[in-house]
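Participant: Quick one: the structure is below, and I'll ask about it shortly.
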Amino acid sequence: MKKESRNEIESPFTNSIIKSYLQLILSISSKEKSKYLTNIKPDEIPNEDLVLFQGLLEKHYKTERSVAFYASSFYLSTDAFSKKIKKQFSKTPSQLIQERVILEAKKLLHLTYKSIKEIAQELNFEDEFYFSRYFKKIVGISPSLYRKNVGISIVAK
């Protein structure tokens, strides 16, 4: 009986159940994070320009990946802009841009049935091969392997 119960635990549905729990945990964590971010008081924000940068990044990350674009929005040189951002976030603007693009790519890979080519087009890459190289360079695995490992969410429909 114990042997059979162990086999039931190792059934193919186990992975689906674990993934569902992880999705639920991530969803709850995201909701809690949103509550925290909306409760930040304006006087706690260290620099209004940095908030504007985050807004610009959120608006343009699919089409603009150059630091020069964001720096010009603040009438700063790329060096001055990079120093300002790195001082606040401990990351370069390029890293923040890459992280945002990769976050969206991971989200699309996990939450949609879109092909790699469609995701590459949505994120404004020249082609799916360049997107795959970009993704693999940053994440360490290809988009298709990432999707295979993480799976497609049950909410993807």
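Please note that chains go A, B, ... in the order of the structure tokens, that every chain numbers its residues from 1, and that ligands are numbered from 1 in the order shown.
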Skipping near chain neighbours, those fewer than 3 positions away, what residues fall within 10 Å of Lys117 of chain A using only C-alpha atoms, listed as a compact mmCIF listing (two decimals) with C-alpha atoms, in the first residue's frame?

Facilitator:
# COMPACT_ATOMS: atom_id res chain seq x y z
CA LYS A 114 1.98 32.41 -28.57
CA ALA A 120 9.67 38.09 -30.68
CA GLN A 121 7.47 40.25 -32.93
CA GLU A 122 5.46 41.57 -29.99
CA LEU A 123 8.67 42.57 -28.23
CA PHE A 125 12.87 41.92 -32.19
CA GLU A 126 14.10 41.57 -35.77
CA ASP A 127 13.38 37.85 -35.77
CA GLU A 128 12.86 34.92 -33.42
CA PHE A 129 16.50 33.84 -33.71
CA PHE A 131 15.20 37.09 -29.66
CA SER A 132 16.28 33.55 -28.70

Participant: Which residues are close to Gly55 of chain A, i.e. within 12 Å by only C-alpha atoms, leaving aside same-chain residues fewer than 4 positions away? Reply as number ranges by chain.

Facilitator: A: 48-51, 59-61, 70, 73, 97, 100

Participant: Report, in Å with one decimal, the straight-line distance from atom CA of Ser77 of chain A to atom CA of Tyr130 of chain A.

Facilitator: 28.4 Å

Participant: What is the distance, in Å and to one decimal place, between atom CA of Leu52 of chain A and atom CA of Ala71 of chain A?

Facilitator: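 So the two atoms, atom CA of Leu52 of chain A and atom CA of Ala71 of chain A, lie 11.5 Å apart.
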
Participant: So that I can see what lies close to Arg65 of chain A, please list as a list in words the residues with an atom at most 10 Å from it, counting only C-alpha atoms and leaving out residues fewer than 6 positions away in the same chain.

Facilitator: Leu57, Pro93, Ser94, Leu96, Ile97, Gln98 and Val101 of chain A

Participant: For the residues in the current selection, export N, CA and C atoms as a PDB file, in the first residue's frame.

Facilitator:
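Below you can see part.pdb, which holds the result:
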ATOM      1  N   LEU A  57      10.273  53.735 -19.127  1.00  0.00           N
ATOM      2  CA  LEU A  57      10.700  52.369 -19.413  1.00  0.00           C
ATOM      3  C   LEU A  57       9.488  51.465 -19.599  1.00  0.00           C
ATOM      4  N   PRO A  93      21.222  51.489 -16.587  1.00  0.00           N
ATOM      5  CA  PRO A  93      19.976  51.560 -17.355  1.00  0.00           C
ATOM      6  C   PRO A  93      19.830  50.389 -18.326  1.00  0.00           C
ATOM      7  N   SER A  94      20.935  49.978 -18.927  1.00  0.00           N
ATOM      8  CA  SER A  94      20.883  48.833 -19.848  1.00  0.00           C
ATOM      9  C   SER A  94      20.387  47.576 -19.144  1.00  0.00           C
ATOM     10  N   LEU A  96      18.475  47.456 -16.488  1.00  0.00           N
ATOM     11  CA  LEU A  96      17.047  47.637 -16.177  1.00  0.00           C
ATOM     12  C   LEU A  96      16.182  47.429 -17.411  1.00  0.00           C
ATOM     13  N   ILE A  97      16.654  47.910 -18.546  1.00  0.00           N
ATOM     14  CA  ILE A  97      15.912  47.722 -19.800  1.00  0.00           C
ATOM     15  C   ILE A  97      15.850  46.232 -20.140  1.00  0.00           C
ATOM     16  N   GLN A  98      16.997  45.571 -20.062  1.00  0.00           N
ATOM     17  CA  GLN A  98      17.037  44.128 -20.345  1.00  0.00           C
ATOM     18  C   GLN A  98      16.124  43.357 -19.402  1.00  0.00           C
ATOM     19  N   VAL A 101      12.482  43.752 -20.458  1.00  0.00           N
ATOM     20  CA  VAL A 101      12.185  42.993 -21.677  1.00  0.00           C
ATOM     21  C   VAL A 101      12.089  41.503 -21.351  1.00  0.00           C
TER      22      VAL A 101
END

Participant: Of the residues A:Leu56, A:Thr92, A:Arg133, A:Tyr21, which is the one nearest to Asp79 of chain A, using only C-alpha atoms?

Facilitator: A:Thr92

Participant: Please indicate the distance in Å from atom CA of Thr112 of chain A to atom CA of Thr63 of chain A, rounded to one decimal place.

Facilitator: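 Going from atom CA of Thr112 of chain A over to atom CA of Thr63 of chain A, I get 20.6 Å.
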
Participant: Between A:Phe81, A:Asn124, A:Asn15, A:Leu26, which is the closest to Asn149 of chain A once you count only C-alpha atoms?

Facilitator: A:Asn15

Participant: Under the rule that only C-alpha atoms are counted, which of A:Leu76, A:Ile102, A:Ile25, A:Val67 is the nearest residue to Lys136 of chain A?

Facilitator: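 Among A:Leu76, A:Ile102, A:Ile25, A:Val67, it is A:Ile102 that comes nearest to Lys136 of chain A.
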
Participant: For Pro143 of chain A, which residue out of A:Lys86, A:Lys91, A:Lys62, A:Lys106 is the nearest one, using only C-alpha atoms?

Facilitator: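 Under the stated criterion, the closest residue is A:Lys106.
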
Participant: When you count only C-alpha atoms, which of these residues is closest to His110 of chain A: A:Ile28, A:Leu145, A:Ile152, A:Ile138?

Facilitator: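 Closest to His110 of chain A, using only C-alpha atoms: A:Ile152.
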